[in-house]
Amino acid sequence: MNVSLKRIQAIFIKDYKEFSRNYAVSIMIVFPIVFALLYRTEAGDQAAIYAFIMNFSLAMLTSFVQACLIAEEKERNTLRSLMMTPASMLDVLIGKSALVFLISAAVLAFTTYLFGYETSNVLLLTAALGISILLYTAIGTICGLYSKTLLEASLSVFPVLIIFTAGPFALSFEEQYPFLEVLRYLPSSQLSELLMAMEVGAASGDLAKPLVIIAVWTIVVTIISFVLYKKRLMDQ
Amino acid sequence: MNAISVQNIQKAFGGNMALKDVSFEIPKGEIFGFLGPSGSGKTTLLKILTAQLEATDGHAAVMEMPSRMMQKTAQKRRFGILTDNSGLYERLSIEENLDVFRRLYDLPKSSIDQVLHFVNLNTDRKKRVSVLSKGMRQRVTLACAIIHEPELLFLDEPTSALDPVNTAHIHKGLRYLNERGTTIFLTTHDMTEAESLCERVAILHKGEIRAIGAPDELKKIHRDGTLTVELTSGEKERLSMDEDSAAAIAGWMSRGQIDRMYTNELSLGDIFIKLTGSELV
């Protein structure tokens with residue numbers, strides 16, 4: 001495996017500069033913060049609202065930014081130029097993903113603080129959000145790879161946003177439409193369940209199950225994104 | 001020692017043969033031109049040589065390594081590539097674009113100053129790429145391709161759509177690089193560019209090499225064996241190169257009637273048309 005920290009750092013710095021100057025993309029960091037301020041509450045459904053904000057932010061920030069970063073490189077032919085340098089495919093992918101991970105982690109932490117969400121198990125919450133960021137980064141990679149332009153990439157994230165954010169809410173119709181049961185296994189539904197379970201102080205077994213399901217999603221989607229990334233680059 | 005050695009390369013896309021049994025060698029230190037119209041197979045060959053494509057058959061070696069090894073990190077450091085669609089980061093300045101490549105090649109910061117001086121963009125280094133003219137962009141792309149001082153430089157139509165001033169500037173830079181030891185493989189459909197830059201050229205048509213050699217050699221091979229004498233009276237005489245013509249020329253010369261005299265050589269473009277029946281730019 002050909003990976004170099006120096007090259008990853010080069011990609012990271014380059015993408016950070018591009019991100020900070022691309023206001024159409026960097027504006028996305030504002031949405032989670034605005035949502036946190038709008039919906040902050042101390043009522044009993046705090047965990048459910050917090051879960052919605054986190055799920056929305058993961059799709060709208062993490063997946064969106066990653067998809068745009070990758071699609072723009074393709075659109076402007078810079079990815080081909082990069083691949084002619086000593087940078088490997090993994091260097092490029094890790095460099096981009098690292099930036100998106102750090103931005104997402106910082107924004108979600110700040111959002112959590114502004115929202116005023118308090119949990120008895122910070123470690124578990126951090127792990128769940130950390131794994132979810134990795135998952136949504138991989139989803140963003142796939143969206144970016146299948147988009148030819150920045151515009152296509154931004155549109156491609158909307159199905160992800162709708163399915164993953166609305167999924168947990170659709171479960172309230174589960175009794176009328178039993179097939180909706182499948183939505184229970186969405187990572188967003190599992191994150192909601194985990195937060196609810198933490199709220200009521202559930203046993204560790206009940207807490208572990210959602211985390212494991214999210215982790216399985218993350219592993220599978222990350223592997224798919226790596227395979228597709230390699231294949232799509234070779235096809236161009 | 002050869003920088004590039006290509007033996008019987010073939011490349012098929014579905015049922016279409018993009019390259020048919022192409023063979024040639026380029027010694028180290030040469031500027032070699034690959035000429036042909038769009039779709040003749042130039043870019044396909046360049047992609048095979050830089051391991052972006054695999055040949056269907058045949059063998060290609062670049063710097064004495066099989067060309068498929070050119071995507072290895074150590075090999076990537078040995079060559080640079082500039083294509084007409086090489087991308088730049090629009091929101092970054094010239095200097096920041098070069099800094100990306102400097103870091104990827106693990107070079108000192110001074111390499112940016114050197115390459116900016118080389119492409120004559122030192123005073124514009126803080127300008128964002130998005131505001132640059134096409135000529136300046138092409139010079140930045142060239143700077144990105146040569147910042148690591150490659151042994152071998154692949155150029156795919158480097159001056160297409162550039163004005164004569166920018167073209168001349170890039171040519172000057174390429175000659176300087178070549179003097180410092182860089183082998184240059186140039187694909188172009190611009191005959192003037194090939195004639196002014198290249199020591200040898202190959203003419204590619206429909207995936208086949210139709211002629212290969214120094215531009216002057218090709219002109220000699222394809223000249224028609226006649227010369228034209230322009231007389232002071234304004235008449236033009238086209239003569240074959242034999243004894244009768246020599247006597248006629250001696251007579252005009254003794255009477256001071258010759259204005260000028262030249263052999264009838266074809267230009268590279270004429271040679272291409274003769275060999276392929278296709279028009280070039």
# chains A, B, ... in the order shown; residues from 1 in each chain; ligands from 1
call {"tool": "residues_around", "arguments": {"residues": "B:His222", "least_positions_apart": "4", "cutoff": "9 Å", "atoms": "only C-alpha atoms", "output": "list in words"}}
result
Glu217, Leu218, Glu265, Leu266, Ile271 and Lys274 of chain B
call {"tool": "select_by_dssp", "arguments": {"residues": "stretch 87-242 of chain B", "states": "strand (DSSP E or B)", "output": "ChimeraX atom specification"}}
result
/B:93,128,152-156,183-188,200-205,208-213,226-231,236-240
call {"tool": "write_last_selection", "arguments": {"atoms": "N, CA and C atoms", "output": "CSV table (one decimal), in the first residue's frame"}}
result
chain,number,residue,atom,x,y,z
B,93,SER,N,-3.7,30.5,-5.9
B,93,SER,CA,-2.8,31.4,-6.7
B,93,SER,C,-1.8,30.5,-7.5
B,128,ARG,N,-4.5,34.7,-8.7
B,128,ARG,CA,-5.3,33.5,-8.7
B,128,ARG,C,-5.4,32.9,-10.1
B,152,LEU,N,12.4,13.1,-18.3
B,152,LEU,CA,11.6,12.9,-19.5
B,152,LEU,C,10.3,13.8,-19.4
B,153,LEU,N,10.0,14.5,-20.5
B,153,LEU,CA,8.8,15.4,-20.4
B,153,LEU,C,7.9,15.0,-21.6
B,154,PHE,N,6.7,14.6,-21.2
B,154,PHE,CA,5.7,14.3,-22.2
B,154,PHE,C,4.8,15.6,-22.4
B,155,LEU,N,4.7,16.0,-23.7
B,155,LEU,CA,3.9,17.2,-24.0
B,155,LEU,C,2.8,16.9,-25.0
B,156,ASP,N,1.6,17.0,-24.6
B,156,ASP,CA,0.5,16.7,-25.6
B,156,ASP,C,-0.1,18.0,-26.1
B,183,THR,N,14.8,14.9,-21.9
B,183,THR,CA,14.3,14.3,-23.2
B,183,THR,C,12.8,14.8,-23.3
B,184,ILE,N,12.5,15.2,-24.5
B,184,ILE,CA,11.1,15.7,-24.7
B,184,ILE,C,10.4,14.9,-25.7
B,185,PHE,N,9.2,14.4,-25.4
B,185,PHE,CA,8.3,13.7,-26.3
B,185,PHE,C,7.1,14.6,-26.5
B,186,LEU,N,7.0,15.1,-27.8
B,186,LEU,CA,6.0,16.1,-28.0
B,186,LEU,C,5.0,15.6,-29.1
B,187,THR,N,3.7,15.6,-28.7
B,187,THR,CA,2.7,15.3,-29.8
B,187,THR,C,2.1,16.6,-30.2
B,188,THR,N,1.9,16.7,-31.5
B,188,THR,CA,1.4,18.0,-32.0
B,188,THR,C,0.8,17.8,-33.4
B,200,ARG,N,13.9,15.0,-34.4
B,200,ARG,CA,13.3,14.0,-35.3
B,200,ARG,C,11.8,14.0,-35.1
B,201,VAL,N,11.1,13.6,-36.1
B,201,VAL,CA,9.6,13.5,-36.0
B,201,VAL,C,9.1,12.2,-36.6
B,202,ALA,N,8.0,11.8,-36.1
B,202,ALA,CA,7.3,10.6,-36.7
B,202,ALA,C,6.0,11.1,-37.2
B,203,ILE,N,5.6,10.7,-38.3
B,203,ILE,CA,4.2,11.1,-38.8
B,203,ILE,C,3.3,9.9,-38.6
B,204,LEU,N,2.3,10.1,-37.9
B,204,LEU,CA,1.3,9.1,-37.5
B,204,LEU,C,0.0,9.3,-38.3
B,205,HIS,N,-0.5,8.3,-38.9
B,205,HIS,CA,-1.8,8.4,-39.5
B,205,HIS,C,-2.6,7.2,-39.3
B,208,GLU,N,-0.8,4.3,-37.7
B,208,GLU,CA,0.4,3.8,-38.3
B,208,GLU,C,1.5,4.9,-38.5
B,209,ILE,N,2.7,4.5,-38.3
B,209,ILE,CA,3.8,5.5,-38.6
B,209,ILE,C,4.1,5.4,-40.1
B,210,ARG,N,3.9,6.6,-40.7
B,210,ARG,CA,4.1,6.6,-42.2
B,210,ARG,C,5.5,7.1,-42.5
B,211,ALA,N,6.1,7.8,-41.6
B,211,ALA,CA,7.5,8.3,-41.9
B,211,ALA,C,8.1,8.7,-40.6
B,212,ILE,N,9.5,8.5,-40.5
B,212,ILE,CA,10.2,8.9,-39.3
B,212,ILE,C,11.6,9.4,-39.6
B,213,GLY,N,12.0,10.5,-39.0
B,213,GLY,CA,13.4,11.0,-39.3
B,213,GLY,C,13.4,12.5,-38.9
B,226,THR,N,13.9,18.7,-58.4
B,226,THR,CA,13.9,19.8,-59.3
B,226,THR,C,14.4,21.1,-58.6
B,227,LEU,N,14.8,22.1,-59.3
B,227,LEU,CA,15.1,23.3,-58.7
B,227,LEU,C,14.4,24.4,-59.5
B,228,THR,N,14.2,25.6,-58.9
B,228,THR,CA,13.6,26.7,-59.5
B,228,THR,C,14.6,27.8,-59.6
B,229,VAL,N,14.7,28.4,-60.8
B,229,VAL,CA,15.5,29.6,-61.0
B,229,VAL,C,14.6,30.8,-61.3
B,230,GLU,N,14.8,31.8,-60.5
B,230,GLU,CA,14.0,33.0,-60.8
B,230,GLU,C,15.0,34.0,-61.5
B,231,LEU,N,14.6,34.4,-62.7
B,231,LEU,CA,15.5,35.3,-63.4
B,231,LEU,C,15.1,36.8,-63.2
B,236,LYS,N,10.2,32.4,-64.2
B,236,LYS,CA,10.6,31.4,-63.3
B,236,LYS,C,10.8,30.1,-64.1
B,237,GLU,N,12.0,29.5,-63.9
B,237,GLU,CA,12.3,28.2,-64.7
B,237,GLU,C,12.4,27.1,-63.7
B,238,ARG,N,11.6,26.0,-63.9
B,238,ARG,CA,11.7,24.8,-63.1
B,238,ARG,C,12.6,23.8,-63.9
B,239,LEU,N,13.7,23.4,-63.2
B,239,LEU,CA,14.7,22.6,-64.0
B,239,LEU,C,14.9,21.3,-63.2
B,240,SER,N,15.2,20.2,-64.0
B,240,SER,CA,15.6,19.0,-63.3
B,240,SER,C,17.1,19.1,-63.1
call {"tool": "residues_around", "arguments": {"residues": "B:Glu149", "least_positions_apart": "5", "cutoff": "10 Å", "atoms": "only C-alpha atoms", "output": "number ranges by chain"}}
result
B: 77-80, 111, 115, 143, 177, 180-182
call {"tool": "residues_around", "arguments": {"residues": "stretch 8-19 of chain B", "least_positions_apart": "5", "cutoff": "8 Å", "atoms": "only C-alpha atoms", "output": "list in words"}}
result
Ser40, Gly41, Thr44, Leu45, Glu54, Ala55, Thr56, Asp57, Gly58, His59, Ala60, Lys206, Gly207 and Glu208 of chain B
call {"tool": "write_last_selection", "arguments": {"atoms": "all heavy atoms", "output": "CSV table (one decimal), in the first residue's frame"}}
result
chain,number,residue,atom,x,y,z
B,40,SER,N,-5.5,10.5,-34.6
B,40,SER,CA,-4.5,9.6,-35.3
B,40,SER,C,-3.9,8.6,-34.3
B,40,SER,O,-3.2,7.7,-34.8
B,40,SER,CB,-3.4,10.5,-35.9
B,40,SER,OG,-2.8,11.2,-35.0
B,41,GLY,N,-4.0,8.8,-33.0
B,41,GLY,CA,-3.5,7.8,-32.1
B,41,GLY,C,-2.4,8.4,-31.2
B,41,GLY,O,-1.8,7.7,-30.4
B,44,THR,N,-3.3,8.4,-27.5
B,44,THR,CA,-3.4,7.0,-27.0
B,44,THR,C,-2.0,6.5,-26.7
B,44,THR,O,-1.7,5.8,-25.7
B,44,THR,CB,-4.0,6.1,-28.1
B,44,THR,OG1,-5.3,6.6,-28.4
B,44,THR,CG2,-4.1,4.6,-27.7
B,45,LEU,N,-1.0,6.8,-27.6
B,45,LEU,CA,0.4,6.3,-27.4
B,45,LEU,C,0.9,6.9,-26.1
B,45,LEU,O,1.6,6.3,-25.3
B,45,LEU,CB,1.2,6.6,-28.6
B,45,LEU,CG,2.7,6.1,-28.5
B,45,LEU,CD1,2.8,4.6,-28.4
B,45,LEU,CD2,3.6,6.6,-29.6
B,54,GLU,N,-3.3,0.4,-21.2
B,54,GLU,CA,-2.5,-0.7,-21.4
B,54,GLU,C,-2.5,-1.0,-22.9
B,54,GLU,O,-3.6,-0.9,-23.5
B,54,GLU,CB,-3.0,-1.9,-20.7
B,54,GLU,CG,-2.4,-2.0,-19.3
B,54,GLU,CD,-2.7,-3.3,-18.6
B,54,GLU,OE1,-2.8,-4.4,-19.2
B,54,GLU,OE2,-3.0,-3.2,-17.4
B,55,ALA,N,-1.4,-1.4,-23.5
B,55,ALA,CA,-1.4,-1.7,-24.9
B,55,ALA,C,-2.0,-3.1,-25.1
B,55,ALA,O,-2.0,-3.9,-24.2
B,55,ALA,CB,0.1,-1.8,-25.4
B,56,THR,N,-2.6,-3.3,-26.3
B,56,THR,CA,-3.2,-4.6,-26.6
B,56,THR,C,-2.1,-5.6,-26.9
B,56,THR,O,-2.2,-6.8,-26.5
B,56,THR,CB,-4.2,-4.5,-27.8
B,56,THR,OG1,-5.1,-3.4,-27.6
B,56,THR,CG2,-5.0,-5.7,-28.0
B,57,ASP,N,-1.1,-5.1,-27.5
B,57,ASP,CA,0.0,-6.0,-27.9
B,57,ASP,C,1.3,-5.2,-28.0
B,57,ASP,O,1.2,-4.0,-28.2
B,57,ASP,CB,-0.3,-6.8,-29.2
B,57,ASP,CG,0.6,-8.0,-29.3
B,57,ASP,OD1,1.3,-8.4,-28.3
B,57,ASP,OD2,0.5,-8.7,-30.4
B,58,GLY,N,2.5,-5.8,-28.0
B,58,GLY,CA,3.7,-5.1,-28.2
B,58,GLY,C,4.4,-4.7,-26.8
B,58,GLY,O,3.9,-5.1,-25.8
B,59,HIS,N,5.5,-4.1,-27.0
B,59,HIS,CA,6.3,-3.7,-25.8
B,59,HIS,C,6.7,-2.3,-25.8
B,59,HIS,O,7.2,-1.8,-26.8
B,59,HIS,CB,7.5,-4.6,-25.7
B,59,HIS,CG,8.4,-4.3,-24.6
B,59,HIS,ND1,8.1,-4.7,-23.3
B,59,HIS,CD2,9.6,-3.7,-24.5
B,59,HIS,CE1,9.1,-4.3,-22.5
B,59,HIS,NE2,10.0,-3.6,-23.2
B,60,ALA,N,6.5,-1.6,-24.7
B,60,ALA,CA,7.0,-0.2,-24.6
B,60,ALA,C,7.8,0.0,-23.4
B,60,ALA,O,7.4,-0.5,-22.3
B,60,ALA,CB,5.8,0.8,-24.6
B,206,LYS,N,-3.8,7.3,-38.8
B,206,LYS,CA,-4.7,6.2,-38.6
B,206,LYS,C,-4.0,5.1,-37.8
B,206,LYS,O,-4.1,3.9,-38.2
B,206,LYS,CB,-5.3,5.6,-39.9
B,206,LYS,CG,-6.2,6.6,-40.5
B,206,LYS,CD,-6.9,6.1,-41.8
B,206,LYS,CE,-7.8,7.1,-42.4
B,206,LYS,NZ,-8.3,6.8,-43.7
B,207,GLY,N,-3.2,5.5,-36.8
B,207,GLY,CA,-2.5,4.5,-36.0
B,207,GLY,C,-1.3,3.9,-36.5
B,207,GLY,O,-0.7,3.0,-35.9
B,208,GLU,N,-0.8,4.3,-37.7
B,208,GLU,CA,0.4,3.8,-38.3
B,208,GLU,C,1.5,4.9,-38.5
B,208,GLU,O,1.1,6.0,-38.8
B,208,GLU,CB,0.1,3.2,-39.6
B,208,GLU,CG,-0.6,1.8,-39.6
B,208,GLU,CD,-0.9,1.3,-41.0
B,208,GLU,OE1,-1.8,1.8,-41.6
B,208,GLU,OE2,-0.2,0.4,-41.4
call {"tool": "interface_residues", "arguments": {"of": "chain A", "to": "chain B", "cutoff": "9 Å", "atoms": "only C-alpha atoms", "output": "list in words"}}
result
Asn2, Lys6, Arg7, Ile8, Gln9, Ala10, Ile11, Ile13, Lys14, Lys17, Glu18, Arg21, Asn22, Glu73, Arg76, Asn77, Thr78, Leu79, Arg80, Ser81, Leu82, Met83, Met84, Thr85, Pro86, Ala87, Ser88, Met234 and Gln236 of chain A
call {"tool": "closest_residue", "arguments": {"among": "A:Leu58, A:Ala71, A:Ala47, A:Leu90", "to": "A:Ile103", "atoms": "only C-alpha atoms"}}
result
A:Leu58
call {"tool": "atom_distance", "arguments": {"atom1": "atom CA of A:Tyr50", "atom2": "atom CA of A:Ala215"}}
result
20.2 Å
call {"tool": "atom_distance", "arguments": {"atom1": "atom CA of B:Ile221", "atom2": "atom CA of B:His189"}}
result
21.0 Å
call {"tool": "atom_distance", "arguments": {"atom1": "atom CA of B:Leu107", "atom2": "atom CA of B:Lys126"}}
result
19.8 Å
call {"tool": "residues_around", "arguments": {"residues": "A:Ser156", "least_positions_apart": "6", "cutoff": "10 Å", "atoms": "only C-alpha atoms", "output": "list in words"}}
result
Ser63, Phe64, Ala67, Cys68, Gly140, Ile142, Cys143, Gly144, Tyr146, Ser147 and Leu150 of chain A
call {"tool": "write_last_selection", "arguments": {"atoms": "N, CA, C and O atoms", "output": "compact mmCIF listing (two decimals), in the first residue's frame"}}
result
# COMPACT_ATOMS: atom_id res chain seq x y z
N SER A 63 -21.43 14.41 3.66
CA SER A 63 -21.54 13.80 2.32
C SER A 63 -21.46 14.86 1.23
O SER A 63 -20.80 14.66 0.20
N PHE A 64 -22.11 15.99 1.45
CA PHE A 64 -22.14 17.05 0.43
C PHE A 64 -20.72 17.56 0.14
O PHE A 64 -20.31 17.65 -1.03
N ALA A 67 -18.55 14.90 -1.61
CA ALA A 67 -18.99 14.70 -3.01
C ALA A 67 -18.50 15.86 -3.88
O ALA A 67 -18.01 15.64 -4.99
N CYS A 68 -18.63 17.08 -3.36
CA CYS A 68 -18.21 18.25 -4.14
C CYS A 68 -16.70 18.27 -4.36
O CYS A 68 -16.22 18.60 -5.45
N GLY A 140 -20.44 10.20 0.49
CA GLY A 140 -20.10 11.39 -0.31
C GLY A 140 -19.10 11.05 -1.41
O GLY A 140 -19.20 11.55 -2.53
N ILE A 142 -18.83 8.20 -2.97
CA ILE A 142 -19.56 7.51 -4.04
C ILE A 142 -20.37 8.51 -4.87
O ILE A 142 -20.36 8.47 -6.10
N CYS A 143 -21.05 9.44 -4.19
CA CYS A 143 -21.83 10.47 -4.92
C CYS A 143 -20.91 11.28 -5.84
O CYS A 143 -21.24 11.55 -6.99
N GLY A 144 -19.74 11.65 -5.33
CA GLY A 144 -18.78 12.44 -6.11
C GLY A 144 -18.26 11.68 -7.31
O GLY A 144 -18.08 12.23 -8.40
N TYR A 146 -19.76 9.42 -9.03
CA TYR A 146 -20.76 9.25 -10.08
C TYR A 146 -21.27 10.58 -10.62
O TYR A 146 -22.24 10.62 -11.36
N SER A 147 -20.64 11.66 -10.24
CA SER A 147 -21.04 12.98 -10.73
C SER A 147 -19.95 13.53 -11.64
O SER A 147 -18.78 13.41 -11.33
N LEU A 150 -19.76 19.64 -10.49
CA LEU A 150 -20.05 20.07 -9.12
C LEU A 150 -21.57 20.14 -8.90
O LEU A 150 -22.07 19.74 -7.84
call {"tool": "residues_around", "arguments": {"residues": "B:Ser196", "least_positions_apart": "5", "cutoff": "12 Å", "atoms": "only C-alpha atoms", "output": "VMD selection string"}}
result
chain B and resid 31 to 33 167 to 168 171 to 172 174 to 175 190 to 191 201 214 to 216 268
call {"tool": "write_last_selection", "arguments": {"atoms": "C-alpha atoms", "output": "PDB file, in the first residue's frame"}}
result
ATOM      1  CA  ILE B  31      13.282  16.350 -28.666  1.00  0.00           C
ATOM      2  CA  PHE B  32      11.020  14.009 -30.587  1.00  0.00           C
ATOM      3  CA  GLY B  33       7.810  15.059 -32.287  1.00  0.00           C
ATOM      4  CA  THR B 167       4.068  29.796 -28.104  1.00  0.00           C
ATOM      5  CA  ALA B 168       7.502  31.297 -28.672  1.00  0.00           C
ATOM      6  CA  HIS B 171       9.360  26.890 -27.086  1.00  0.00           C
ATOM      7  CA  LYS B 172      12.243  28.881 -25.644  1.00  0.00           C
ATOM      8  CA  LEU B 174      11.540  23.781 -23.757  1.00  0.00           C
ATOM      9  CA  ARG B 175      14.812  24.263 -25.628  1.00  0.00           C
ATOM     10  CA  ASP B 190       1.280  21.934 -35.664  1.00  0.00           C
ATOM     11  CA  MET B 191       3.948  21.486 -38.343  1.00  0.00           C
ATOM     12  CA  VAL B 201       9.625  13.517 -36.008  1.00  0.00           C
ATOM     13  CA  ALA B 214      14.814  14.469 -38.923  1.00  0.00           C
ATOM     14  CA  PRO B 215      12.653  17.132 -40.620  1.00  0.00           C
ATOM     15  CA  ASP B 216      15.500  17.924 -43.055  1.00  0.00           C
ATOM     16  CA  LEU B 268       6.506  18.874 -43.422  1.00  0.00           C
TER      17      LEU B 268
END
call {"tool": "residues_around", "arguments": {"residues": "A:Val34", "least_positions_apart": "3", "cutoff": "12 Å", "atoms": "only C-alpha atoms", "output": "JSON, numbers by chain"}}
result
{"A": [27, 28, 29, 30, 31, 37, 38, 39, 40, 53, 56, 57, 107, 108, 110, 111, 112, 114, 115]}
call {"tool": "decode", "arguments": {"residues": "stretch 157-174 of chain B", "atoms": "N, CA and C atoms", "output": "CSV table (one decimal), in the first residue's frame"}}
result
chain,number,residue,atom,x,y,z
B,157,GLU,N,0.3,18.3,-27.3
B,157,GLU,CA,-0.2,19.6,-27.9
B,157,GLU,C,-0.1,20.8,-26.9
B,158,PRO,N,1.2,21.1,-26.5
B,158,PRO,CA,1.4,22.1,-25.5
B,158,PRO,C,1.0,23.5,-25.8
B,159,THR,N,1.0,23.8,-27.1
B,159,THR,CA,0.7,25.2,-27.5
B,159,THR,C,-0.5,25.3,-28.3
B,160,SER,N,-1.4,24.3,-28.3
B,160,SER,CA,-2.6,24.4,-29.0
B,160,SER,C,-3.4,25.6,-28.5
B,161,ALA,N,-3.9,26.4,-29.4
B,161,ALA,CA,-4.8,27.6,-29.1
B,161,ALA,C,-4.0,28.7,-28.4
B,162,LEU,N,-2.7,28.7,-28.4
B,162,LEU,CA,-1.9,29.8,-27.8
B,162,LEU,C,-1.5,30.8,-28.9
B,163,ASP,N,-1.4,32.0,-28.5
B,163,ASP,CA,-0.9,33.0,-29.5
B,163,ASP,C,0.6,32.9,-29.8
B,164,PRO,N,1.1,33.4,-30.9
B,164,PRO,CA,2.5,33.2,-31.3
B,164,PRO,C,3.5,33.7,-30.2
B,165,VAL,N,3.2,34.7,-29.4
B,165,VAL,CA,4.1,35.2,-28.4
B,165,VAL,C,4.2,34.2,-27.3
B,166,ASN,N,3.1,33.7,-26.8
B,166,ASN,CA,3.2,32.6,-25.8
B,166,ASN,C,3.8,31.3,-26.3
B,167,THR,N,3.5,31.0,-27.5
B,167,THR,CA,4.1,29.8,-28.1
B,167,THR,C,5.6,29.9,-28.1
B,168,ALA,N,6.1,31.1,-28.6
B,168,ALA,CA,7.5,31.3,-28.7
B,168,ALA,C,8.1,31.2,-27.3
B,169,HIS,N,7.4,31.7,-26.3
B,169,HIS,CA,8.0,31.7,-24.9
B,169,HIS,C,8.1,30.3,-24.4
B,170,ILE,N,7.1,29.5,-24.7
B,170,ILE,CA,7.1,28.1,-24.2
B,170,ILE,C,8.2,27.3,-25.0
B,171,HIS,N,8.3,27.6,-26.3
B,171,HIS,CA,9.4,26.9,-27.1
B,171,HIS,C,10.7,27.2,-26.5
B,172,LYS,N,10.9,28.5,-26.2
B,172,LYS,CA,12.2,28.9,-25.6
B,172,LYS,C,12.5,28.1,-24.4
B,173,GLY,N,11.5,28.0,-23.5
B,173,GLY,CA,11.7,27.3,-22.3
B,173,GLY,C,12.0,25.8,-22.5
B,174,LEU,N,11.3,25.2,-23.5
B,174,LEU,CA,11.5,23.8,-23.8
B,174,LEU,C,13.0,23.5,-24.3
